[in-house]
$ cat coords22.txt   # compact mmCIF, C-alpha atoms and all ligand atoms
# COMPACT_ATOMS: atom_id res chain seq x y z
CA MET A 20 0.00 0.00 0.00
CA THR A 21 1.47 3.37 -1.07
CA PRO A 22 1.40 5.98 1.69
CA VAL A 23 -0.10 9.34 0.69
CA LEU A 24 -0.59 12.71 2.33
CA ILE A 25 -3.88 14.57 2.18
CA VAL A 26 -3.73 18.35 2.03
CA LEU A 27 -6.94 20.07 3.14
CA ASN A 28 -8.28 23.56 2.59
CA ALA A 29 -11.62 23.99 4.33
CA GLY A 30 -14.11 26.79 3.68
CA SER A 31 -17.51 27.45 5.25
CA SER A 32 -19.38 25.09 2.89
CA SER A 33 -16.57 23.46 0.95
CA LEU A 34 -13.66 21.15 1.53
CA LYS A 35 -10.92 21.09 -1.08
CA PHE A 36 -8.27 18.39 -0.97
CA GLN A 37 -5.16 17.27 -2.78
CA VAL A 38 -3.50 13.90 -2.41
CA PHE A 39 0.29 13.57 -2.69
CA ASP A 40 2.60 10.60 -3.10
CA VAL A 41 5.73 11.12 -1.02
CA PRO A 42 8.57 9.21 -2.67
CA ASP A 43 11.85 9.31 -0.73
CA GLY A 44 14.28 12.07 -1.55
CA VAL A 45 12.16 13.93 -4.14
CA GLU A 46 9.32 16.44 -4.11
CA PRO A 47 5.88 15.23 -2.99
CA ARG A 48 3.95 14.39 -6.17
CA LEU A 49 0.31 15.38 -6.68
CA VAL A 50 -1.80 12.36 -7.70
CA TRP A 51 -5.43 13.33 -7.08
CA LYS A 52 -7.34 16.48 -6.30
CA GLY A 53 -10.97 17.16 -5.57
CA LEU A 54 -13.57 18.83 -3.46
CA TYR A 55 -16.83 18.66 -1.58
CA GLU A 56 -19.11 21.58 -2.45
CA GLY A 57 -22.37 22.62 -0.82
CA LEU A 58 -21.60 20.99 2.55
CA GLY A 59 -24.58 21.11 4.89
CA GLY A 60 -26.98 21.19 1.95
CA SER A 61 -26.93 19.45 -1.40
CA THR A 62 -23.33 18.21 -1.52
CA HIS A 63 -21.27 17.24 -4.53
CA PHE A 64 -18.02 15.24 -4.27
CA LEU A 65 -15.56 15.05 -7.13
CA VAL A 66 -12.04 13.67 -7.42
CA LYS A 67 -9.81 13.94 -10.50
CA ASP A 68 -6.36 12.75 -11.46
CA THR A 69 -3.63 15.12 -12.63
CA ASP A 70 -4.84 14.89 -16.25
CA GLY A 71 -8.26 16.13 -15.15
CA ALA A 72 -9.98 12.75 -15.64
CA VAL A 73 -12.82 12.26 -13.15
CA LEU A 74 -12.05 9.26 -10.93
CA ASP A 75 -15.01 9.39 -8.61
CA GLU A 76 -18.10 11.52 -8.15
CA MET A 77 -21.03 11.44 -5.72
CA THR A 78 -23.95 13.63 -4.70
CA TRP A 79 -25.94 13.83 -1.47
CA ASP A 80 -29.21 15.73 -1.23
CA SER A 81 -29.95 18.22 1.52
CA GLY A 82 -31.87 15.64 3.56
CA ASP A 83 -28.67 13.60 4.03
CA ARG A 84 -27.22 16.18 6.45
CA PHE A 85 -23.78 15.72 4.93
CA GLY A 86 -21.38 18.21 6.51
CA HIS A 87 -17.63 18.63 7.10
CA GLU A 88 -17.54 15.70 9.51
CA GLU A 89 -19.19 13.27 7.08
CA ALA A 90 -16.99 14.57 4.26
CA LEU A 91 -13.74 13.96 6.14
CA VAL A 92 -14.64 10.45 7.20
CA HIS A 93 -15.88 9.72 3.67
CA LEU A 94 -12.70 11.11 2.12
CA VAL A 95 -10.27 9.02 4.14
CA SER A 96 -12.21 5.77 3.68
CA ARG A 97 -12.91 6.45 -0.01
CA LEU A 98 -9.27 7.22 -0.80
CA SER A 99 -8.24 3.95 0.83
CA GLN A 100 -10.65 2.04 -1.40
CA PHE A 101 -10.52 3.12 -4.99
CA ARG A 102 -8.01 2.68 -7.80
CA GLU A 103 -4.51 1.78 -6.77
CA GLU A 104 -4.09 0.98 -3.15
CA ARG A 105 -3.14 4.20 -1.46
CA LYS A 106 -3.28 4.75 2.26
CA PRO A 107 -3.57 8.24 3.79
CA VAL A 108 -0.87 8.45 6.48
CA ALA A 109 -1.19 12.09 7.50
CA ILE A 110 -3.22 15.22 6.87
CA GLY A 111 -1.73 18.67 6.30
CA HIS A 112 -3.96 21.66 6.98
CA ARG A 113 -3.76 25.23 5.87
CA VAL A 114 -4.26 27.37 8.99
CA VAL A 115 -4.49 31.05 8.39
CA HIS A 116 -3.13 32.29 11.73
CA GLY A 117 -0.22 30.94 13.73
CA GLY A 118 0.12 34.05 15.90
CA GLU A 119 3.50 34.79 17.43
CA ALA A 120 4.02 31.30 18.79
CA PHE A 121 4.06 29.30 15.57
CA SER A 122 6.87 30.25 13.23
CA ARG A 123 6.93 26.82 11.59
CA PRO A 124 4.52 23.95 10.86
CA VAL A 125 3.53 21.90 13.88
CA LEU A 126 2.24 18.43 14.67
CA VAL A 127 -1.25 18.90 16.09
CA ASP A 128 -2.11 17.76 19.60
CA GLU A 129 -4.70 18.97 22.10
CA ALA A 130 -2.46 21.76 23.42
CA VAL A 131 -1.79 23.02 19.87
CA ILE A 132 -5.53 23.07 19.10
CA GLN A 133 -6.18 25.14 22.21
CA ARG A 134 -3.46 27.62 21.30
CA LEU A 135 -4.85 27.91 17.76
CA GLU A 136 -8.35 28.43 19.12
CA ALA A 137 -7.05 31.32 21.20
CA LEU A 138 -6.10 32.98 17.88
CA VAL A 139 -9.68 32.95 16.51
CA PRO A 140 -10.19 36.64 17.46
CA LEU A 141 -7.25 37.51 15.19
CA ALA A 142 -8.84 35.84 12.14
CA PRO A 143 -12.51 35.42 13.02
CA LEU A 144 -13.72 34.67 9.50
CA HIS A 145 -11.04 32.14 8.53
CA GLN A 146 -9.51 30.44 11.58
CA PRO A 147 -12.70 28.64 12.74
CA HIS A 148 -13.08 26.98 9.31
CA ASN A 149 -9.45 25.87 9.45
CA LEU A 150 -9.79 24.41 12.94
CA GLU A 151 -13.03 22.55 12.41
CA PRO A 152 -11.58 19.74 10.24
CA ILE A 153 -8.63 19.41 12.63
CA ARG A 154 -11.01 18.82 15.53
CA ILE A 155 -13.15 16.44 13.49
CA VAL A 156 -10.18 14.31 12.43
CA ARG A 157 -8.95 14.13 16.03
CA ARG A 158 -12.35 12.92 17.14
CA ARG A 159 -13.22 10.55 14.30
CA LEU A 160 -9.76 9.37 13.15
CA PRO A 161 -7.75 9.67 16.36
CA GLY A 162 -4.60 7.91 15.11
CA MET A 163 -4.17 10.13 12.05
CA PRO A 164 -1.20 12.54 12.39
CA GLN A 165 -2.15 16.08 11.50
CA VAL A 166 0.14 18.99 10.68
CA ALA A 167 -0.91 22.64 10.82
CA CYS A 168 0.82 24.86 8.24
CA PHE A 169 0.46 28.59 8.72
CA ASP A 170 -0.11 31.50 6.37
CA THR A 171 1.60 33.80 8.85
CA ALA A 172 4.76 31.77 9.59
CA PHE A 173 6.78 32.81 6.52
CA HIS A 174 6.72 36.44 7.68
CA GLN A 175 8.24 35.77 11.09
CA THR A 176 11.62 36.73 9.62
CA GLN A 177 10.52 40.38 9.53
CA SER A 178 12.24 42.87 11.79
CA ASP A 179 10.63 44.19 14.94
CA ILE A 180 10.18 47.57 13.27
CA ALA A 181 8.53 46.09 10.15
CA SER A 182 6.02 44.27 12.33
CA LEU A 183 5.24 47.11 14.73
CA PHE A 184 2.17 49.39 14.78
CA ALA A 185 2.57 52.83 16.34
CA LEU A 186 0.19 51.89 19.15
CA PRO A 187 0.68 51.84 22.92
CA ARG A 188 3.17 49.23 24.10
CA GLU A 189 0.59 47.17 25.95
CA MET A 190 -1.22 46.49 22.68
CA ARG A 191 1.95 45.03 21.18
CA GLU A 192 2.23 42.87 24.27
CA ARG A 193 -1.31 41.59 23.61
CA GLY A 194 -0.24 40.45 20.16
CA VAL A 195 -1.45 43.48 18.20
CA ARG A 196 1.23 43.65 15.50
CA ARG A 197 1.64 43.08 11.79
CA TYR A 198 1.69 39.35 11.03
CA GLY A 199 1.21 39.12 7.25
CA PHE A 200 -0.56 36.34 5.33
CA HIS A 201 -0.33 34.32 2.08
CA GLY A 202 2.91 32.94 3.53
CA LEU A 203 2.45 29.49 2.00
CA SER A 204 2.24 31.10 -1.43
CA TYR A 205 5.32 33.28 -0.81
CA ASP A 206 7.19 30.27 0.56
CA TYR A 207 6.51 28.44 -2.70
CA ILE A 208 7.59 31.37 -4.90
CA ALA A 209 10.77 31.87 -2.83
CA SER A 210 11.56 28.17 -3.24
CA VAL A 211 11.38 28.24 -7.06
CA LEU A 212 12.95 31.64 -7.83
CA LYS A 213 16.31 29.99 -8.48
CA ASP A 214 14.74 27.90 -11.28
CA TYR A 215 13.72 31.10 -13.09
CA ASP A 216 16.77 33.28 -12.41
CA PRO A 217 19.40 32.39 -9.80
CA ARG A 218 20.07 36.11 -9.21
CA LEU A 219 16.50 36.57 -7.98
CA ALA A 220 16.91 33.98 -5.24
CA GLU A 221 19.55 36.24 -3.68
CA GLY A 222 18.07 39.54 -4.82
CA ARG A 223 15.39 42.07 -3.95
CA VAL A 224 12.06 40.76 -5.19
CA VAL A 225 8.47 41.93 -4.80
CA VAL A 226 5.91 39.14 -5.11
CA ALA A 227 2.34 40.16 -6.00
CA HIS A 228 -0.12 37.49 -4.86
CA LEU A 229 -3.22 38.79 -6.66
CA GLY A 230 -6.18 36.48 -6.18
CA ASN A 231 -9.52 36.93 -4.52
CA GLY A 232 -7.33 37.73 -1.51
CA ALA A 233 -4.40 39.92 -2.48
CA SER A 234 -1.14 41.02 -0.91
CA LEU A 235 2.46 41.88 -1.74
CA CYS A 236 5.63 40.58 -0.13
CA ALA A 237 9.16 41.96 -0.24
CA LEU A 238 11.73 39.15 -0.40
CA LYS A 239 15.41 39.75 0.26
CA ASP A 240 17.60 36.67 -0.21
CA GLY A 241 14.35 34.66 -0.39
CA VAL A 242 13.22 35.85 3.05
CA SER A 243 10.20 38.05 3.85
CA ILE A 244 11.21 41.51 5.07
CA ALA A 245 7.88 43.33 4.61
CA THR A 246 4.33 42.65 3.43
CA THR A 247 1.13 44.59 2.86
CA MET A 248 -1.20 42.56 5.07
CA GLY A 249 -0.95 43.28 8.74
CA PHE A 250 -2.83 42.21 11.85
CA SER A 251 -5.70 40.71 9.87
CA ALA A 252 -6.24 39.62 6.29
CA LEU A 253 -8.05 42.93 5.68
CA ASP A 254 -5.03 45.20 5.38
CA GLY A 255 -3.04 46.32 2.36
CA LEU A 256 -4.40 45.99 -1.17
CA PRO A 257 -8.09 46.12 -2.09
CA MET A 258 -9.26 42.54 -2.77
CA GLY A 259 -12.26 40.77 -4.28
CA THR A 260 -14.55 41.70 -1.40
CA ARG A 261 -12.14 43.02 1.27
CA CYS A 262 -11.31 46.69 1.59
CA GLY A 263 -7.55 46.62 2.05
CA ALA A 264 -6.03 49.46 4.07
CA VAL A 265 -8.55 52.01 5.30
CA ASP A 266 -8.08 54.76 7.84
CA ALA A 267 -9.04 53.30 11.25
CA GLY A 268 -11.25 56.38 11.66
CA VAL A 269 -13.59 54.93 9.03
CA VAL A 270 -14.44 52.10 11.40
CA PHE A 271 -15.46 54.55 14.14
CA PHE A 272 -17.60 56.41 11.62
CA MET A 273 -19.34 53.15 10.70
CA LEU A 274 -20.01 52.35 14.35
CA ARG A 275 -20.97 55.80 15.64
CA GLU A 276 -22.52 57.62 12.72
CA MET A 277 -23.85 54.75 10.64
CA LYS A 278 -24.87 52.84 13.79
CA LEU A 279 -23.52 49.54 12.48
CA SER A 280 -22.78 46.83 15.02
CA PRO A 281 -19.16 45.57 15.11
CA GLU A 282 -20.35 42.42 13.31
CA GLU A 283 -22.09 44.46 10.59
CA ALA A 284 -19.05 46.68 10.13
CA GLU A 285 -16.84 43.58 9.91
CA ARG A 286 -19.12 42.09 7.27
CA VAL A 287 -18.95 45.27 5.19
CA LEU A 288 -15.16 45.39 5.34
CA TYR A 289 -14.65 41.67 4.62
CA THR A 290 -17.46 40.80 2.22
CA LYS A 291 -18.94 43.94 0.65
CA SER A 292 -15.88 46.02 -0.17
CA GLY A 293 -12.93 45.72 -2.55
CA LEU A 294 -13.62 45.16 -6.26
CA LEU A 295 -17.21 44.22 -5.44
CA GLY A 296 -17.89 47.24 -3.27
CA VAL A 297 -16.35 49.82 -5.60
CA SER A 298 -17.85 48.39 -8.80
CA GLY A 299 -21.19 47.36 -7.32
CA ILE A 300 -21.00 44.60 -9.93
CA SER A 301 -18.70 41.71 -9.05
CA ASN A 302 -15.63 40.59 -7.10
CA ASP A 303 -14.49 38.62 -10.16
CA MET A 304 -11.79 40.29 -12.23
CA ARG A 305 -12.92 38.44 -15.38
CA VAL A 306 -16.38 39.97 -15.10
CA LEU A 307 -15.00 43.44 -14.44
CA ARG A 308 -12.54 43.26 -17.35
CA SER A 309 -15.32 42.17 -19.69
CA LYS A 310 -17.38 45.25 -18.73
CA ALA A 311 -14.66 47.86 -18.21
CA ALA A 312 -14.77 49.30 -21.76
CA THR A 313 -18.42 50.29 -21.40
CA ASN A 314 -19.04 50.45 -17.66
CA ALA A 315 -17.41 53.27 -15.67
CA ASP A 316 -17.96 51.53 -12.31
CA ALA A 317 -16.13 48.38 -13.42
CA LYS A 318 -13.28 50.49 -14.77
CA ARG A 319 -13.06 52.53 -11.56
CA ALA A 320 -12.74 49.39 -9.41
CA ILE A 321 -9.95 48.04 -11.62
CA ASP A 322 -8.19 51.41 -11.74
CA LEU A 323 -8.21 51.61 -7.94
CA PHE A 324 -6.90 48.03 -7.65
CA VAL A 325 -3.99 48.76 -10.04
CA TYR A 326 -3.26 52.15 -8.47
CA ARG A 327 -3.04 50.65 -4.98
CA ILE A 328 -0.83 47.79 -6.17
CA THR A 329 1.54 50.21 -7.86
CA ARG A 330 1.74 52.50 -4.83
CA GLU A 331 2.31 49.65 -2.41
CA ILE A 332 5.02 48.17 -4.63
CA GLY A 333 6.72 51.55 -4.36
CA SER A 334 6.62 51.24 -0.58
CA LEU A 335 8.14 47.75 -0.66
CA VAL A 336 10.84 48.85 -3.11
CA ALA A 337 11.78 51.49 -0.53
CA ALA A 338 11.89 48.82 2.19
CA LEU A 339 14.12 46.66 -0.03
CA GLY A 340 16.36 49.53 -1.11
CA GLY A 341 15.66 48.80 -4.79
CA ILE A 342 14.16 46.06 -6.92
CA ASP A 343 15.70 43.24 -8.97
CA GLY A 344 12.51 41.35 -9.80
CA LEU A 345 8.71 41.48 -9.66
CA VAL A 346 6.66 38.27 -9.62
CA PHE A 347 2.94 38.01 -10.39
CA THR A 348 1.05 35.03 -8.99
CA ALA A 349 -2.44 33.71 -8.00
CA GLY A 350 -5.67 33.96 -10.08
CA ILE A 351 -5.35 37.56 -11.30
CA GLY A 352 -1.55 37.67 -11.27
CA GLU A 353 -1.26 34.47 -13.31
CA ASN A 354 -4.07 35.18 -15.78
CA ASP A 355 -4.92 38.83 -16.16
CA VAL A 356 -2.66 40.19 -18.90
CA ALA A 357 -4.06 43.73 -18.54
CA THR A 358 -3.46 44.00 -14.78
CA ARG A 359 0.16 42.95 -15.25
CA ALA A 360 0.65 45.46 -18.09
CA GLU A 361 -0.95 48.31 -16.13
CA VAL A 362 1.09 47.61 -12.98
CA ILE A 363 4.35 47.46 -14.93
CA ALA A 364 3.46 50.67 -16.78
CA GLY A 365 3.17 52.33 -13.36
CA LEU A 366 6.64 51.12 -12.41
CA ALA A 367 8.62 52.65 -15.27
CA TRP A 368 10.33 54.87 -12.67
CA ALA A 369 11.83 51.69 -11.13
CA GLY A 370 13.27 50.64 -14.51
CA LEU A 371 10.66 47.98 -15.34
CA THR A 372 9.57 47.64 -18.95
CA LEU A 373 7.00 45.26 -20.36
CA ASP A 374 7.58 42.68 -23.08
CA GLU A 375 4.04 42.81 -24.47
CA ALA A 376 4.26 39.62 -26.50
CA ALA A 377 5.67 37.64 -23.58
CA ASN A 378 2.99 39.12 -21.29
CA ARG A 379 0.22 37.98 -23.64
CA THR A 380 1.50 34.40 -23.57
CA GLY A 381 2.19 34.34 -19.83
CA GLY A 382 5.98 34.64 -19.90
CA PRO A 383 7.31 33.37 -17.62
CA ARG A 384 9.57 36.40 -18.13
CA ILE A 385 7.44 39.39 -19.15
CA SER A 386 9.96 42.25 -18.89
CA SER A 387 12.10 43.51 -21.73
CA ARG A 388 15.62 44.85 -22.00
CA SER A 389 17.93 45.30 -19.04
CA GLY A 390 17.05 46.38 -15.52
CA PRO A 391 14.74 44.66 -13.07
CA THR A 392 12.87 41.65 -14.45
CA ALA A 393 9.17 40.76 -14.19
CA TRP A 394 7.78 37.23 -14.09
CA VAL A 395 4.60 35.19 -14.02
CA ILE A 396 5.01 32.22 -11.69
CA PRO A 397 2.02 30.01 -10.79
CA THR A 398 1.80 29.51 -7.05
CA ASN A 399 1.36 26.13 -5.35
CA GLU A 400 0.35 26.47 -1.72
CA GLU A 401 -0.74 22.84 -1.48
CA LEU A 402 2.71 21.61 -2.45
CA VAL A 403 4.21 23.72 0.35
CA ILE A 404 1.73 22.15 2.81
CA ALA A 405 2.70 18.67 1.52
CA ARG A 406 6.41 19.50 1.90
CA GLN A 407 5.90 20.84 5.41
CA THR A 408 3.68 17.93 6.44
CA ARG A 409 6.24 15.41 5.25
CA SER A 410 9.03 17.18 7.05
CA VAL A 411 7.11 17.32 10.36
CA LEU A 412 6.10 13.68 9.93
CA GLY A 413 9.71 12.71 9.22
CA ALA A 414 10.85 14.49 12.38
CA MET A 415 8.12 12.72 14.37
CA GLN A 416 9.14 9.30 13.01
CA ALA A 417 12.81 9.98 13.67
CA LYS A 418 11.94 10.92 17.26
CA LEU A 419 9.90 7.73 17.70
CA ALA A 420 12.73 5.62 16.28
CA SER A 421 15.41 7.15 18.54
P1 LIG A 501 -7.68 32.99 -6.69
O1 LIG A 501 -8.23 33.51 -5.40
O2 LIG A 501 -6.17 32.91 -6.70
O3 LIG A 501 -8.34 31.74 -7.16
O4 LIG A 501 -8.03 34.11 -7.80
C1 LIG A 501 -9.34 34.48 -8.09
C2 LIG A 501 -9.32 35.73 -8.97
O5 LIG A 501 -8.60 35.44 -10.18
C3 LIG A 501 -10.71 36.20 -9.42
O6 LIG A 501 -10.79 37.62 -9.33
C4 LIG A 501 -10.76 35.80 -10.87
O7 LIG A 501 -11.57 36.65 -11.63
C5 LIG A 501 -9.30 35.96 -11.28
N1 LIG A 501 -9.03 35.24 -12.51
C6 LIG A 501 -9.01 33.91 -12.71
N2 LIG A 501 -8.79 33.63 -14.02
C7 LIG A 501 -8.69 34.84 -14.66
C8 LIG A 501 -8.46 35.24 -16.01
N3 LIG A 501 -8.31 34.35 -16.98
N4 LIG A 501 -8.41 36.57 -16.28
C9 LIG A 501 -8.57 37.49 -15.30
N5 LIG A 501 -8.78 37.16 -14.01
C10 LIG A 501 -8.83 35.86 -13.69
$ encode --input "coords22.txt" --output "structure tokens"
Amino acid sequence: MTPVLIVLNAGSSSLKFQVFDVPDGVEPRLVWKGLYEGLGGSTHFLVKDTDGAVLDEMTWDSGDRFGHEEALVHLVSRLSQFREERKPVAIGHRVVHGGEAFSRPVLVDEAVIQRLEALVPLAPLHQPHNLEPIRIVRRRLPGMPQVACFDTAFHQTQSDIASLFALPREMRERGVRRYGFHGLSYDYIASVLKDYDPRLAEGRVVVAHLGNGASLCALKDGVSIATTMGFSALDGLPMGTRCGAVDAGVVFFMLREMKLSPEEAERVLYTKSGLLGVSGISNDMRVLRSKAATNADAKRAIDLFVYRITREIGSLVAALGGIDGLVFTAGIGENDVATRAEVIAGLAWAGLTLDEAANRTGGPRISSRSGPTAWVIPTNEELVIARQTRSVLGAMQAKLAS
């Protein structure tokens, strides 16, 4: 029986998974991927191989009360049954917040779960969804090793100054600081820079993770020195539905003058703002691009997105003391030719110039002539979780053997 790792990414009504072979001495290798959609209601399960061929598919109707718990138990038993004999030996989880305590992936036990639960107030809309499958697996599959991999951990290399807010000292002591997110994505990009240009791996690079969530990270020698997200995943760039940086005074205005409750204000900032809020049309860049020529609201939302990206890159270039490379990644960064062109046009002052033909075909190198280079590099957060899970598992096995 071939041992495999399952990598999970849980949302409020979905559970995405990828299954990796872990041959000795080489990268974990993706073999299957799939998802459960519509959990808690009418649920659809689908698993495909790496060529996109559907291997298994099932549907439950809303009367079946099929939720995250049923999905996890189903997944592990189903994977052990079909096609080649593969046995899940560990589960790696994406966990959005590791706080100050977790600067690396960790084997989950009861104490770890409690410490992660204490971080829910720092990521109220994401952390509970990440912790639920961990708790379910502990309860229903108690022997299964689980590894928590954090979106914040990669940024723990940042200096005290880079992570500090200008707030009273006691707030810093309570954990109010800049953490940064999308660390699994930045970890992946940092790990492959040398394959694109060895000079970048040791250089000053800004990575633009532009998806439904969006942030920028300044890498120096492959290490995070600054990022646009801060205490929560709200800060920095405007996103699909999140506002990005707003003056804290706006929140008081929402509470006092608009009489919103904290929960209502939170919902506005997380789910009704960003591209969706400004356009009033959609959080989906494809939709906005398709309307921008004739719809001023769609154009305005895109223009603000690009303007903020360009300004924030300027801030990170200052933090880096210059720029050798710019990397675009995630849904918009990997696919939206126009966003890449517009951002690079706004960075002419930094010596970046676009190779239009290369940009249209996705590069990977999309800059022309000399000077700093620009790249399109697809991210792979799941592979980072598989790498980290294997490494924690290896350490656990070595400890047991000694
Ligand atoms: P992610 O969160 O990384 O899955 O990225 C989601 C975002 O990527 C959404 O705004 C999508 O509209 C955008 N996206 C995906 N494919 C394309 C595409 N071909 N052109 C423009 N935007 C895209």
$ axis_aligned_box --input "coords22.txt" --around "ligand LIG 501 (chain A)" --padding-each-side "8 Å" --output "lines of an AutoDock Vina configuration file"
center_x = -8.9
center_y = 34.7
center_z = -11.2
size_x = 21.4
size_y = 21.9
size_z = 27.6
$ residues_near_ligand --input "coords22.txt" --ligand "ligand LIG 501 (chain A)" --cutoff "6 Å" --atoms "only C-alpha atoms and all ligand atoms" --output "list in words"
Gly230, Asn231, Gly232, Asp303, Met304, Arg305, Ala349, Gly350, Ile351, Asn354 and Asp355 of chain A
$ residues_around --input "coords22.txt" --residues "segment 402-415 of chain A" --least-positions-apart "2" --cutoff "8 Å" --atoms "all atoms listed in the file" --output "ChimeraX atom specification"
/A:24-26,39,41,46-47,49,109-113,124-126,164-168,203-204,206-207,399-400,417-419
$ residues_near_point --input "coords22.txt" --point "(2.3, 48.6, -8.9)" --cutoff "9 Å" --atoms "only C-alpha atoms" --output "ChimeraX atom specification"
/A:227,325-333,359,361-366
$ residues_around --input "coords22.txt" --residues "Glu56 of chain A" --least-positions-apart "3" --cutoff "12 Å" --atoms "all atoms listed in the file" --output "list in words"
Ala29, Gly30, Ser31, Ser32, Ser33, Leu34, Lys35, Phe36, Gly53, Gly59, Gly60, Ser61, Thr62, His63, Phe64, Leu65, Val66, Glu76, Met77, Thr78, Trp79, Asp80, Phe85, Gly86, His87 and Ala90 of chain A
$ write_last_selection --input "coords22.txt" --atoms "C-alpha atoms" --output "short mmCIF file (atom, residue, chain, number, x, y, z; two decimals), in the frame of the given file"
data_model
loop_
_atom_site.label_atom_id
_atom_site.label_comp_id
_atom_site.auth_asym_id
_atom_site.auth_seq_id
_atom_site.Cartn_x
_atom_site.Cartn_y
_atom_site.Cartn_z
CA ALA A 29 -11.62 23.99 4.33
CA GLY A 30 -14.11 26.79 3.68
CA SER A 31 -17.51 27.45 5.25
CA SER A 32 -19.38 25.09 2.89
CA SER A 33 -16.57 23.46 0.95
CA LEU A 34 -13.66 21.15 1.53
CA LYS A 35 -10.92 21.09 -1.08
CA PHE A 36 -8.27 18.39 -0.97
CA GLY A 53 -10.97 17.16 -5.57
CA GLY A 59 -24.58 21.11 4.89
CA GLY A 60 -26.98 21.19 1.95
CA SER A 61 -26.93 19.45 -1.40
CA THR A 62 -23.33 18.21 -1.52
CA HIS A 63 -21.27 17.24 -4.53
CA PHE A 64 -18.02 15.24 -4.27
CA LEU A 65 -15.56 15.05 -7.13
CA VAL A 66 -12.04 13.67 -7.42
CA GLU A 76 -18.10 11.52 -8.15
CA MET A 77 -21.03 11.44 -5.72
CA THR A 78 -23.95 13.63 -4.70
CA TRP A 79 -25.94 13.83 -1.47
CA ASP A 80 -29.21 15.73 -1.23
CA PHE A 85 -23.78 15.72 4.93
CA GLY A 86 -21.38 18.21 6.51
CA HIS A 87 -17.63 18.63 7.10
CA ALA A 90 -16.99 14.57 4.26
#
$ residues_around --input "coords22.txt" --residues "Ala369 of chain A" --least-positions-apart "6" --cutoff "8 Å" --atoms "only C-alpha atoms" --output "VMD selection string"
chain A and resid 341 to 342 391
$ atom_distance --input "coords22.txt" --atom1 "atom CA of Arg157 of chain A" --atom2 "atom CA of Val108 of chain A"
13.7 Å
$ residues_around --input "coords22.txt" --residues "Ser251 of chain A" --least-positions-apart "3" --cutoff "12 Å" --atoms "all atoms listed in the file" --output "JSON, numbers by chain"
{"A": [115, 116, 117, 118, 138, 139, 140, 141, 142, 143, 144, 145, 146, 170, 171, 194, 195, 196, 197, 198, 199, 200, 201, 232, 234, 247, 248, 254, 255, 261, 262, 263, 264, 285, 288, 289]}
$ residues_near_point --input "coords22.txt" --point "(-1.7, 42.1, -23.9)" --cutoff "10 Å" --atoms "only C-alpha atoms" --output "VMD selection string"
chain A and resid 355 to 361 373 to 381
$ atom_distance --input "coords22.txt" --atom1 "atom CA of Pro281 of chain A" --atom2 "atom CA of Thr260 of chain A"
17.6 Å
$ closest_residue --input "coords22.txt" --among "A:Arg319, A:Leu74, A:Gly268, A:Glu276" --to "Gly293 of chain A" --atoms "all atoms listed in the file"
A:Arg319
$ residues_around --input "coords22.txt" --residues "Pro42 of chain A" --least-positions-apart "5" --cutoff "10 Å" --atoms "all atoms listed in the file" --output "ChimeraX atom specification"
/A:21-23,47-48
$ atom_distance --input "coords22.txt" --atom1 "atom CA of Leu94 of chain A" --atom2 "atom CA of Ile153 of chain A"
14.0 Å
$ closest_residue --input "coords22.txt" --among "A:Arg97, A:Arg105, A:Ala337, A:Leu294" --to "Arg308 of chain A" --atoms "all atoms listed in the file"
A:Leu294
$ closest_residue --input "coords22.txt" --among "A:Val287, A:Leu253, A:Ala320, A:Met190" --to "Asn302 of chain A" --atoms "all atoms listed in the file"
A:Ala320
